[in-house]
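Novice: Compact mmCIF, C-alpha atoms, file final-v5.txt:
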# COMPACT_ATOMS: atom_id res chain seq x y z
CA MET G 1 0.00 0.00 0.00
CA LYS G 2 2.84 2.37 0.93
CA ASN G 3 4.53 1.64 -2.41
CA LEU G 4 1.30 2.31 -4.27
CA ILE G 5 0.97 5.63 -2.48
CA LEU G 6 4.53 6.57 -3.42
CA ILE G 7 3.95 5.59 -7.05
CA SER G 8 0.77 7.64 -7.11
CA LEU G 9 2.48 10.64 -5.57
CA SER G 10 5.33 10.33 -8.07
CA ALA G 11 2.85 10.24 -10.94
CA ILE G 12 1.11 13.34 -9.62
CA VAL G 13 4.39 15.20 -9.18
CA PHE G 14 5.56 14.15 -12.64
CA GLY G 15 2.23 15.21 -14.12
CA ILE G 16 2.42 18.61 -12.46
CA CYS G 17 5.98 19.13 -13.62
CA GLY G 18 5.17 17.93 -17.11
CA CYS G 19 2.15 20.23 -17.34
CA SER G 20 4.12 23.16 -15.98
CA SER G 21 6.87 22.54 -18.54
CA GLU G 22 4.35 22.49 -21.37
CA MET G 23 2.81 25.69 -20.12
CA ARG G 24 6.22 27.35 -19.99
CA THR G 25 6.90 26.21 -23.53
CA GLU G 26 3.51 27.54 -24.65
CA LYS G 27 4.11 30.93 -23.09
CA LYS G 28 7.67 31.30 -24.28
CA GLU G 29 7.92 33.98 -26.92
CA SER G 30 9.25 33.06 -30.33
CA THR G 31 12.16 34.95 -31.76
CA ARG G 32 12.72 36.92 -34.92
CA TRP G 33 12.95 34.80 -38.02
CA THR G 34 16.44 33.99 -39.20
CA SER G 35 17.50 35.36 -42.55
CA LYS G 36 17.24 31.83 -43.94
CA GLN G 37 13.63 31.49 -42.76
CA ALA G 38 12.76 34.88 -44.23
CA TRP G 39 14.21 33.98 -47.61
CA GLN G 40 12.49 30.58 -47.60
CA TRP G 41 9.17 32.37 -47.11
CA TYR G 42 9.94 35.04 -49.72
CA ASN G 43 11.16 32.60 -52.37
CA ASP G 44 7.86 30.74 -52.08
CA GLN G 45 6.00 33.88 -53.19
CA PRO G 46 5.54 35.19 -56.71
CA TRP G 47 7.04 38.60 -57.35
CA LEU G 48 4.83 40.70 -55.09
CA VAL G 49 3.18 43.64 -56.79
CA GLY G 50 0.14 45.33 -55.28
CA CYS G 51 -1.26 48.48 -53.74
CA ASN G 52 -2.50 50.04 -50.54
CA PHE G 53 -6.21 49.36 -50.79
CA SER G 54 -9.27 51.09 -49.46
CA PRO G 55 -12.54 50.86 -51.40
CA SER G 56 -13.41 54.07 -53.19
CA THR G 57 -16.53 54.43 -51.03
CA ALA G 58 -14.60 54.64 -47.73
CA ILE G 59 -12.92 57.80 -46.43
CA ASN G 60 -10.88 55.91 -43.82
CA GLN G 61 -10.36 52.63 -41.97
CA LEU G 62 -13.46 53.08 -39.82
CA GLU G 63 -15.79 53.67 -42.75
CA MET G 64 -14.27 50.70 -44.56
CA TRP G 65 -14.93 48.23 -41.74
CA GLN G 66 -17.90 49.43 -39.66
CA GLU G 67 -21.06 47.41 -40.20
CA ASP G 68 -23.20 50.22 -41.63
CA THR G 69 -20.65 51.19 -44.28
CA PHE G 70 -18.87 47.91 -45.07
CA ASP G 71 -19.24 47.85 -48.85
CA LEU G 72 -18.48 44.31 -50.00
CA GLU G 73 -19.96 44.90 -53.45
CA THR G 74 -17.47 47.68 -54.17
CA ILE G 75 -14.62 45.68 -52.63
CA ASP G 76 -15.47 42.72 -54.86
CA ARG G 77 -15.61 44.86 -58.00
CA GLU G 78 -12.39 46.72 -57.28
CA LEU G 79 -10.38 43.63 -56.31
CA ASP G 80 -11.51 42.09 -59.59
CA TRP G 81 -10.05 45.10 -61.41
CA LEU G 82 -6.90 44.82 -59.32
CA ASN G 83 -6.35 41.21 -60.29
CA ALA G 84 -7.10 42.01 -63.93
CA ILE G 85 -4.20 44.46 -64.16
CA GLY G 86 -1.79 41.89 -62.71
CA MET G 87 -1.59 42.77 -59.03
CA ASN G 88 -1.47 39.96 -56.48
CA PHE G 89 -1.64 41.56 -53.03
CA VAL G 90 -3.11 44.48 -51.11
CA ARG G 91 -2.05 46.32 -47.98
CA VAL G 92 -5.14 47.02 -45.86
CA TYR G 93 -5.55 49.01 -42.65
CA LEU G 94 -7.51 47.95 -39.59
CA HIS G 95 -8.15 50.07 -36.46
CA ASP G 96 -8.08 49.19 -32.76
CA MET G 97 -11.36 51.03 -32.07
CA LEU G 98 -13.16 48.67 -34.45
CA TRP G 99 -12.17 45.78 -32.17
CA THR G 100 -13.43 47.60 -29.09
CA GLN G 101 -16.67 48.50 -30.84
CA ASP G 102 -17.58 45.05 -32.19
CA LYS G 103 -14.83 42.42 -32.31
CA GLU G 104 -17.11 39.62 -33.49
CA GLY G 105 -18.55 41.77 -36.24
CA LEU G 106 -15.10 42.95 -37.28
CA LEU G 107 -13.85 39.37 -37.56
CA GLU G 108 -16.90 38.46 -39.65
CA ARG G 109 -16.23 41.33 -42.03
CA ILE G 110 -12.51 40.55 -42.26
CA GLU G 111 -13.47 36.97 -43.15
CA LYS G 112 -15.76 38.24 -45.93
CA PHE G 113 -12.98 40.47 -47.21
CA LEU G 114 -10.48 37.60 -47.22
CA GLN G 115 -12.94 35.37 -49.06
CA VAL G 116 -13.40 37.98 -51.79
CA ALA G 117 -9.64 38.57 -51.98
CA GLU G 118 -9.01 34.83 -52.33
CA LYS G 119 -11.63 34.64 -55.10
CA HIS G 120 -9.56 37.17 -57.04
CA ASN G 121 -6.20 35.51 -56.22
CA VAL G 122 -5.16 38.45 -54.05
CA LYS G 123 -3.21 38.03 -50.79
CA VAL G 124 -3.69 40.49 -47.94
CA MET G 125 -1.17 42.38 -45.82
CA LEU G 126 -2.90 43.62 -42.67
CA VAL G 127 -1.81 46.83 -40.93
CA LEU G 128 -2.76 46.96 -37.25
CA LEU G 129 -1.87 50.52 -36.13
CA ASP G 130 -1.17 53.79 -37.93
CA SER G 131 0.54 57.05 -36.94
CA CYS G 132 -0.81 59.13 -39.82
CA TRP G 133 -3.32 61.98 -40.12
CA ASN G 134 -6.13 62.72 -37.66
CA PRO G 135 -5.03 61.75 -34.12
CA ARG G 136 -8.57 61.95 -32.72
CA PRO G 137 -10.62 59.22 -34.45
CA GLN G 138 -14.29 58.80 -33.55
CA LEU G 139 -16.48 55.77 -34.14
CA GLY G 140 -19.80 56.06 -35.94
CA ARG G 141 -20.62 58.09 -39.00
CA GLN G 142 -17.48 59.49 -40.62
CA PRO G 143 -17.16 62.99 -42.10
CA GLU G 144 -17.58 63.69 -45.79
CA PRO G 145 -14.35 64.45 -47.66
CA MET G 146 -13.08 68.02 -47.58
CA PRO G 147 -13.33 69.18 -51.22
CA HIS G 148 -10.12 68.62 -53.21
CA VAL G 149 -8.01 67.68 -50.14
CA HIS G 150 -5.68 64.68 -49.93
CA ASN G 151 -6.77 62.04 -47.38
CA SER G 152 -8.87 64.52 -45.41
CA GLY G 153 -10.61 61.87 -43.29
CA TRP G 154 -7.86 59.33 -42.54
CA VAL G 155 -7.37 58.58 -38.83
CA GLN G 156 -4.58 57.43 -36.55
CA SER G 157 -4.64 54.28 -34.45
CA PRO G 158 -4.52 54.40 -31.49
CA HIS G 159 -6.28 57.61 -30.44
CA ILE G 160 -3.93 60.32 -29.18
CA ASP G 161 -5.37 60.00 -25.65
CA LEU G 162 -4.12 56.42 -25.51
CA LEU G 163 -0.83 57.01 -27.32
CA LYS G 164 0.25 59.79 -24.96
CA ASP G 165 -0.06 57.48 -21.91
CA PRO G 166 2.30 54.46 -22.00
CA ASN G 167 0.52 53.07 -18.95
CA ARG G 168 -2.46 52.42 -21.24
CA TYR G 169 -0.59 50.56 -23.99
CA ASP G 170 -1.61 47.16 -22.64
CA GLU G 171 -5.19 48.09 -23.53
CA LEU G 172 -4.17 47.39 -27.12
CA LYS G 173 -2.95 43.86 -26.43
CA ASP G 174 -6.34 42.16 -26.71
CA TYR G 175 -6.80 43.70 -30.16
CA VAL G 176 -3.31 43.02 -31.50
CA VAL G 177 -3.07 39.49 -30.11
CA GLY G 178 -6.69 38.74 -30.98
CA ILE G 179 -6.26 39.62 -34.66
CA LEU G 180 -2.89 37.88 -34.92
CA ARG G 181 -4.19 34.68 -33.31
CA GLU G 182 -7.27 34.61 -35.51
CA TYR G 183 -5.23 34.62 -38.73
CA LYS G 184 -1.80 33.36 -37.64
CA ASN G 185 -2.07 30.27 -39.86
CA ASP G 186 -4.30 31.71 -42.59
CA ASP G 187 -2.73 31.42 -46.04
CA ARG G 188 -4.83 34.32 -47.29
CA VAL G 189 -2.86 36.68 -45.05
CA LEU G 190 0.49 37.40 -46.65
CA LEU G 191 2.27 39.23 -43.83
CA TRP G 192 1.72 41.64 -40.94
CA ASP G 193 2.53 45.33 -40.67
CA LEU G 194 2.29 46.06 -36.97
CA TYR G 195 2.49 49.87 -37.09
CA ASN G 196 2.42 52.19 -40.09
CA GLU G 197 4.97 55.02 -40.07
CA PRO G 198 5.47 55.14 -36.30
CA GLY G 199 6.14 58.63 -35.00
CA ASN G 200 4.90 60.46 -38.08
CA ILE G 201 3.96 64.09 -37.46
CA ASN G 202 1.29 65.27 -39.88
CA GLY G 203 2.19 68.89 -40.46
CA PRO G 204 -0.05 71.90 -39.86
CA ALA G 205 -3.33 70.04 -40.43
CA PHE G 206 -3.32 68.51 -36.94
CA LYS G 207 -0.52 70.47 -35.31
CA GLU G 208 -2.60 71.57 -32.33
CA TYR G 209 -3.25 67.95 -31.35
CA GLU G 210 0.05 66.26 -32.11
CA LEU G 211 2.49 65.19 -29.39
CA THR G 212 5.94 66.72 -29.08
CA ASN G 213 7.38 63.38 -27.87
CA LYS G 214 5.58 61.22 -30.41
CA GLN G 215 8.70 59.40 -31.63
CA GLU G 216 9.66 58.45 -28.07
CA LEU G 217 6.15 57.13 -27.42
CA ALA G 218 6.05 55.27 -30.72
CA LEU G 219 9.26 53.44 -29.85
CA LYS G 220 7.80 52.32 -26.53
CA LEU G 221 4.72 51.02 -28.32
CA MET G 222 6.87 49.24 -30.91
CA HIS G 223 8.56 47.28 -28.11
CA LYS G 224 5.13 46.09 -26.98
CA LEU G 225 3.96 45.24 -30.49
CA PHE G 226 6.92 43.04 -31.36
CA SER G 227 6.70 41.30 -28.00
CA TRP G 228 3.00 40.54 -28.48
CA ALA G 229 3.59 39.33 -32.04
CA ARG G 230 6.36 36.98 -30.92
CA GLU G 231 4.05 35.66 -28.22
CA VAL G 232 1.54 34.66 -30.91
CA ASP G 233 4.24 33.42 -33.33
CA PRO G 234 2.29 33.72 -36.61
CA SER G 235 3.26 31.65 -39.62
CA GLN G 236 3.53 34.86 -41.64
CA PRO G 237 6.37 37.37 -41.21
CA VAL G 238 5.88 40.50 -39.11
CA SER G 239 7.38 43.88 -39.87
CA ILE G 240 7.32 47.59 -39.14
CA CYS G 241 8.28 49.83 -42.02
CA VAL G 242 11.23 52.16 -42.31
CA TRP G 243 9.66 55.31 -43.66
CA ASN G 244 11.84 58.26 -42.59
CA TRP G 245 15.20 56.73 -43.23
CA GLU G 246 16.70 59.71 -45.03
CA ARG G 247 16.60 61.92 -41.93
CA LYS G 248 20.09 61.06 -40.73
CA LYS G 249 20.34 63.97 -38.30
CA ASP G 250 17.19 63.06 -36.38
CA SER G 251 18.21 60.76 -33.51
CA ASP G 252 14.61 59.90 -32.59
CA PHE G 253 13.87 58.62 -36.07
CA ARG G 254 17.19 56.77 -36.21
CA SER G 255 16.14 54.93 -33.06
CA LEU G 256 12.77 54.01 -34.57
CA ASN G 257 14.35 52.76 -37.77
CA LYS G 258 17.08 50.83 -35.98
CA PHE G 259 14.56 49.05 -33.78
CA ALA G 260 12.30 48.26 -36.72
CA LEU G 261 15.15 46.83 -38.78
CA GLU G 262 16.49 44.77 -35.87
CA ASN G 263 13.13 43.18 -35.10
CA SER G 264 11.29 42.80 -38.41
CA ASP G 265 11.38 39.43 -40.16
CA ILE G 266 11.57 41.14 -43.54
CA VAL G 267 12.49 44.71 -44.45
CA THR G 268 9.57 46.93 -45.41
CA PHE G 269 9.97 50.58 -46.32
CA HIS G 270 8.38 53.66 -47.90
CA VAL G 271 9.96 55.90 -50.49
CA TYR G 272 8.40 58.83 -52.35
CA THR G 273 11.50 60.73 -53.48
CA ALA G 274 12.52 61.15 -57.12
CA ALA G 275 13.42 57.88 -58.79
CA LYS G 276 17.23 58.15 -58.96
CA LYS G 277 17.53 58.97 -55.26
CA ALA G 278 14.83 56.45 -54.33
CA GLN G 279 16.63 53.66 -56.16
CA SER G 280 19.97 54.51 -54.57
CA LYS G 281 18.48 54.54 -51.08
CA THR G 282 16.58 51.31 -51.70
CA LEU G 283 19.71 49.41 -52.65
CA GLN G 284 21.25 50.34 -49.32
CA LEU G 285 18.65 48.16 -47.61
CA LYS G 286 20.16 45.06 -49.19
CA LYS G 287 22.95 45.14 -46.62
CA TYR G 288 20.52 43.76 -44.02
CA GLY G 289 20.42 40.45 -45.88
CA ARG G 290 16.66 40.04 -45.81
CA PRO G 291 13.83 40.16 -48.33
CA ILE G 292 12.62 43.68 -49.08
CA ILE G 293 9.14 44.98 -49.87
CA CYS G 294 8.41 48.62 -50.60
CA THR G 295 5.00 49.06 -49.01
CA GLU G 296 4.48 52.66 -50.17
CA TYR G 297 5.76 54.47 -53.25
CA MET G 298 4.49 56.20 -56.43
CA ALA G 299 3.89 59.94 -56.31
CA ARG G 300 3.84 61.11 -59.88
CA THR G 301 4.56 64.80 -59.29
CA GLN G 302 7.51 63.83 -57.09
CA LYS G 303 8.99 62.01 -60.12
CA ASN G 304 8.41 58.69 -58.42
CA THR G 305 6.35 56.76 -60.96
CA PHE G 306 5.49 53.25 -62.12
CA GLU G 307 7.69 53.74 -65.16
CA THR G 308 10.76 54.68 -63.12
CA MET G 309 10.29 52.44 -60.07
CA LEU G 310 8.46 49.25 -60.99
CA PRO G 311 11.08 47.82 -63.44
CA PHE G 312 13.76 48.62 -60.85
CA PHE G 313 11.85 46.73 -58.14
CA LYS G 314 11.32 43.77 -60.45
CA GLN G 315 14.98 43.64 -61.49
CA ASN G 316 16.10 43.65 -57.86
CA LYS G 317 13.44 41.18 -56.65
CA ILE G 318 11.88 43.78 -54.35
CA GLY G 319 8.16 43.65 -53.69
CA ALA G 320 6.22 46.76 -54.70
CA CYS G 321 3.05 48.20 -53.18
CA ASN G 322 2.04 51.67 -54.38
CA TRP G 323 -0.31 54.01 -52.53
CA GLY G 324 -3.88 53.93 -53.80
CA PHE G 325 -5.96 52.13 -56.37
CA VAL G 326 -9.38 53.57 -57.28
CA ALA G 327 -9.74 57.31 -56.78
CA GLY G 328 -12.53 57.88 -54.29
CA LYS G 329 -13.31 59.38 -50.90
CA THR G 330 -9.68 59.39 -49.75
CA GLN G 331 -8.94 61.76 -52.66
CA THR G 332 -5.30 60.78 -52.85
CA GLN G 333 -5.12 61.73 -56.50
CA TYR G 334 -4.62 65.19 -54.94
CA PRO G 335 -1.11 65.93 -53.58
CA TRP G 336 -0.08 66.37 -49.95
CA GLU G 337 0.17 70.11 -50.57
CA SER G 338 -3.61 70.29 -51.06
CA TRP G 339 -3.79 70.77 -47.27
CA ASP G 340 -2.01 74.11 -47.72
CA LYS G 341 -2.69 75.08 -51.33
CA LYS G 342 -6.27 75.51 -52.52
CA TYR G 343 -7.41 73.23 -55.33
CA THR G 344 -10.72 73.74 -57.13
CA ALA G 345 -10.49 70.81 -59.54
CA GLU G 346 -8.75 67.48 -59.91
CA PRO G 347 -5.07 67.91 -60.83
CA GLU G 348 -4.07 67.19 -64.41
CA ILE G 349 -1.37 64.84 -63.13
CA TRP G 350 -2.63 62.63 -60.33
CA PHE G 351 -0.48 62.25 -57.23
CA HIS G 352 -1.53 58.69 -56.28
CA ASP G 353 -4.19 56.20 -57.46
CA ILE G 354 -4.53 54.25 -60.71
CA LEU G 355 -8.17 53.94 -61.76
CA ARG G 356 -11.22 56.17 -61.89
CA PRO G 357 -14.40 55.03 -60.06
CA ASP G 358 -15.74 53.47 -63.28
CA GLY G 359 -12.59 51.37 -63.67
CA THR G 360 -10.97 53.35 -66.48
CA PRO G 361 -7.25 54.05 -65.99
CA PHE G 362 -5.68 57.41 -65.33
CA ASP G 363 -2.91 56.29 -67.69
CA GLN G 364 -3.26 53.18 -69.85
CA ASN G 365 0.52 52.97 -70.26
CA GLU G 366 0.84 52.34 -66.52
CA ILE G 367 -1.66 49.50 -66.72
CA ASP G 368 0.19 47.92 -69.63
CA LEU G 369 3.48 48.15 -67.72
CA ILE G 370 2.05 46.55 -64.56
CA LYS G 371 0.53 43.73 -66.60
CA THR G 372 3.75 43.10 -68.52
CA LEU G 373 6.03 43.06 -65.48
CA SER G 374 3.72 41.05 -63.23
CA ARG G 375 3.14 38.36 -65.82
CA SER G 376 6.73 37.95 -67.01
CA GLU G 377 7.75 35.55 -64.25
When written as structure tokens, how does the structure in this file appear?

Specialist:
Amino acid sequence: MKNLILISLSAIVFGICGCSSEMRTEKKESTRWTSKQAWQWYNDQPWLVGCNFSPSTAINQLEMWQEDTFDLETIDRELDWLNAIGMNFVRVYLHDMLWTQDKEGLLERIEKFLQVAEKHNVKVMLVLLDSCWNPRPQLGRQPEPMPHVHNSGWVQSPHIDLLKDPNRYDELKDYVVGILREYKNDDRVLLWDLYNEPGNINGPAFKEYELTNKQELALKLMHKLFSWAREVDPSQPVSICVWNWERKKDSDFRSLNKFALENSDIVTFHVYTAAKKAQSKTLQLKKYGRPIICTEYMARTQKNTFETMLPFFKQNKIGACNWGFVAGKTQTQYPWESWDKKYTAEPEIWFHDILRPDGTPFDQNEIDLIKTLSRSE
């Protein structure tokens, strides 16, 4: 009897230890992908060519995803056009307040979006947070576009009241981890962009609301985001873009870029400068030894165009994702300067975007180039 008791106790102790070990293994954070893992993933992809996508009927992330304004018919039509011109992925923005408002509904709508994207052979890059434009987003009905103004209704995520208080950052964990866990093994999701242009200051338009220590706060939030992502360990790569990498004298931005490059599985970046300079800067990113995707480019009046950039990206095996697709409520066919300079009509040369709302191209030569390059694998 004594021996039986000892055996039983041993089994219990072993079981507890075994369970505890498994739990520790479960909770242990993964690490950044090795360069080899990153290249294995990248080499399994076609040459990635796509765009930052918001349906033409949505002024911002909230209008795109909220139940009353989720426009699947327009999404379906425009993703069909996107596939027809040879693009194979889209970069799409979510918002933390959508999760707080209605997480179940948001997941249902994301699922519908992914189903439509898959139907059109389009992979999806999901962006979780964003430092750009209006720092005071509000749920519910969104404003109408300001006439002739670039991206007049786009909103930041998180709200400035949360961003300015690092003690509140853990409020975002349920959203970030929840989305990542839901799609961590979903082949329709190409990769994750945890935070768009962290630390961006949006000029005079929102100057009265912006934070003077925004870069410092963004870096603190980036630490959290990478930690949460590694906790989930998605099958897709995670990244935060380098977007201000030419500002060598700005120590805050250098810190943001350094941390992003040291923790991202693949290198993602934005470049809107004239083509010769943009190409030179882009090639410098090769020294990091990882796959590279440009997740924002193409500003025609900045001399950064499809004709000058897309063949370069293809030749150097760099993924390419321009800003904008169908001109609509974001009005990004107007330039950034439309916030300061009055426009009364659409510019003769569009800044961003490719198609008009009826699907006709701004420039047929651009469409022909995209088709030719994307299909010459």

Novice: Record the distance separating CA of Asp130 in chain G and CA of Gln156 in chain G, expressed in Å with one decimal.

Specialist: 5.2 Å

Novice: With all atoms listed in the file counted and 9 Å as the cut-off, give the residues of range 69-160 of chain G in contact with range 191-201 of chain G, each with its shortest interatomic distance in Å and the pair that gives it, as a Markdown table.

Specialist:
| residue | atom | partner | partner_atom | distance |
| --- | --- | --- | --- | --- |
| G:Arg91 | CA | G:Asp193 | CA | 8.7 |
| G:Tyr93 | CA | G:Asn196 | CA | 9.0 |
| G:Lys123 | CA | G:Leu191 | CA | 8.9 |
| G:Val124 | CA | G:Leu191 | CA | 7.3 |
| G:Met125 | CA | G:Leu191 | CA | 5.1 |
| G:Leu126 | CA | G:Trp192 | CA | 5.3 |
| G:Val127 | CA | G:Asp193 | CA | 4.6 |
| G:Leu128 | CA | G:Leu194 | CA | 5.1 |
| G:Leu129 | CA | G:Tyr195 | CA | 4.5 |
| G:Asp130 | CA | G:Asn196 | CA | 4.5 |
| G:Ser131 | CA | G:Pro198 | CA | 5.3 |
| G:Cys132 | CA | G:Asn200 | CA | 6.1 |
| G:Trp133 | CA | G:Ile201 | CA | 8.0 |
| G:Ser157 | CA | G:Tyr195 | CA | 8.8 |

Novice: Output the selection as a PDB file, keeping the file's coordinate frame - C-alpha atoms for each residue.

Specialist:
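Output below, filename again05.pdb:
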ATOM      1  CA  ARG G  91      -2.050  46.320 -47.980  1.00  0.00           C
ATOM      2  CA  TYR G  93      -5.550  49.010 -42.650  1.00  0.00           C
ATOM      3  CA  LYS G 123      -3.210  38.030 -50.790  1.00  0.00           C
ATOM      4  CA  VAL G 124      -3.690  40.490 -47.940  1.00  0.00           C
ATOM      5  CA  MET G 125      -1.170  42.380 -45.820  1.00  0.00           C
ATOM      6  CA  LEU G 126      -2.900  43.620 -42.670  1.00  0.00           C
ATOM      7  CA  VAL G 127      -1.810  46.830 -40.930  1.00  0.00           C
ATOM      8  CA  LEU G 128      -2.760  46.960 -37.250  1.00  0.00           C
ATOM      9  CA  LEU G 129      -1.870  50.520 -36.130  1.00  0.00           C
ATOM     10  CA  ASP G 130      -1.170  53.790 -37.930  1.00  0.00           C
ATOM     11  CA  SER G 131       0.540  57.050 -36.940  1.00  0.00           C
ATOM     12  CA  CYS G 132      -0.810  59.130 -39.820  1.00  0.00           C
ATOM     13  CA  TRP G 133      -3.320  61.980 -40.120  1.00  0.00           C
ATOM     14  CA  SER G 157      -4.640  54.280 -34.450  1.00  0.00           C
TER      15      SER G 157
END

Novice: Between CA of Lys329 in chain G and CA of Tyr175 in chain G, what is the distance, to one decimal in Å?

Specialist: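 Interatomic distance here is 26.8 Å.
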
Novice: Which residue out of G:Glu296, G:Glu73, G:Asp233, G:Asp368 has the minimum interatomic distance to Val92 in chain G when only C-alpha atoms are used?

Specialist: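 That would be G:Glu296, the residue with the smallest distance to Val92 in chain G.
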
Novice: Let me make sure I understand: among G:Val232, G:Ala58, G:Ile179, G:Ala320, which one has the smallest atom-to-atom distance to Ile75 in chain G if we use all atoms listed in the file?

Specialist: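 Among G:Val232, G:Ala58, G:Ile179, G:Ala320, it is G:Ala58 that comes nearest to Ile75 in chain G.
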
Novice: Which range 171-204 of chain G residues have any atom within 12 Å of an atom of range 83-88 of chain G, and for each, what is the nearest pair of atoms with distance in Å to one decimal, counting only C-alpha atoms, rows sorted by chain and number, as CSV?

Specialist:
residue,atom,partner,partner_atom,distance
G:Arg188,CA,G:Asn88,CA,11.3
G:Val189,CA,G:Asn88,CA,12.0
G:Leu190,CA,G:Asn88,CA,10.3

Novice: Report, in Å to a single decimal, how far apart CA of Ser338 in chain G and CA of Asn202 in chain G are.

Specialist: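 We find that CA of Asn202 in chain G and CA of Ser338 in chain G lie 13.2 Å from each other.
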
Novice: Using the incomplete input, complete range 57-69 of chain G to the level of N, CA and C atoms; output as a PDB file, keeping the file's coordinate frame.

Specialist:
ATOM      1  N   THR G  57     -15.394  53.904 -51.790  1.00  0.00           N
ATOM      2  CA  THR G  57     -16.530  54.430 -51.030  1.00  0.00           C
ATOM      3  C   THR G  57     -16.220  54.673 -49.562  1.00  0.00           C
ATOM      4  N   ALA G  58     -14.974  54.458 -49.144  1.00  0.00           N
ATOM      5  CA  ALA G  58     -14.600  54.640 -47.730  1.00  0.00           C
ATOM      6  C   ALA G  58     -13.590  55.773 -47.601  1.00  0.00           C
ATOM      7  N   ILE G  59     -13.838  56.681 -46.655  1.00  0.00           N
ATOM      8  CA  ILE G  59     -12.920  57.800 -46.430  1.00  0.00           C
ATOM      9  C   ILE G  59     -11.760  57.401 -45.527  1.00  0.00           C
ATOM     10  N   ASN G  60     -11.924  56.326 -44.761  1.00  0.00           N
ATOM     11  CA  ASN G  60     -10.880  55.910 -43.820  1.00  0.00           C
ATOM     12  C   ASN G  60     -11.112  54.467 -43.389  1.00  0.00           C
ATOM     13  N   GLN G  61     -10.279  53.993 -42.451  1.00  0.00           N
ATOM     14  CA  GLN G  61     -10.360  52.630 -41.970  1.00  0.00           C
ATOM     15  C   GLN G  61     -11.702  52.333 -41.289  1.00  0.00           C
ATOM     16  N   LEU G  62     -12.207  53.299 -40.543  1.00  0.00           N
ATOM     17  CA  LEU G  62     -13.460  53.080 -39.820  1.00  0.00           C
ATOM     18  C   LEU G  62     -14.630  52.916 -40.780  1.00  0.00           C
ATOM     19  N   GLU G  63     -14.690  53.771 -41.785  1.00  0.00           N
ATOM     20  CA  GLU G  63     -15.790  53.670 -42.750  1.00  0.00           C
ATOM     21  C   GLU G  63     -15.672  52.386 -43.574  1.00  0.00           C
ATOM     22  N   MET G  64     -14.454  51.938 -43.809  1.00  0.00           N
ATOM     23  CA  MET G  64     -14.270  50.700 -44.560  1.00  0.00           C
ATOM     24  C   MET G  64     -14.841  49.501 -43.814  1.00  0.00           C
ATOM     25  N   TRP G  65     -14.657  49.458 -42.479  1.00  0.00           N
ATOM     26  CA  TRP G  65     -14.930  48.230 -41.740  1.00  0.00           C
ATOM     27  C   TRP G  65     -16.191  48.250 -40.866  1.00  0.00           C
ATOM     28  N   GLN G  66     -16.721  49.414 -40.522  1.00  0.00           N
ATOM     29  CA  GLN G  66     -17.900  49.430 -39.660  1.00  0.00           C
ATOM     30  C   GLN G  66     -19.099  48.818 -40.389  1.00  0.00           C
ATOM     31  N   GLU G  67     -19.967  48.198 -39.624  1.00  0.00           N
ATOM     32  CA  GLU G  67     -21.060  47.410 -40.200  1.00  0.00           C
ATOM     33  C   GLU G  67     -21.918  48.217 -41.177  1.00  0.00           C
ATOM     34  N   ASP G  68     -22.275  49.437 -40.816  1.00  0.00           N
ATOM     35  CA  ASP G  68     -23.200  50.220 -41.630  1.00  0.00           C
ATOM     36  C   ASP G  68     -22.615  50.648 -42.973  1.00  0.00           C
ATOM     37  N   THR G  69     -21.282  50.677 -43.069  1.00  0.00           N
ATOM     38  CA  THR G  69     -20.650  51.190 -44.280  1.00  0.00           C
ATOM     39  C   THR G  69     -19.714  50.180 -44.949  1.00  0.00           C
TER      40      THR G  69
END
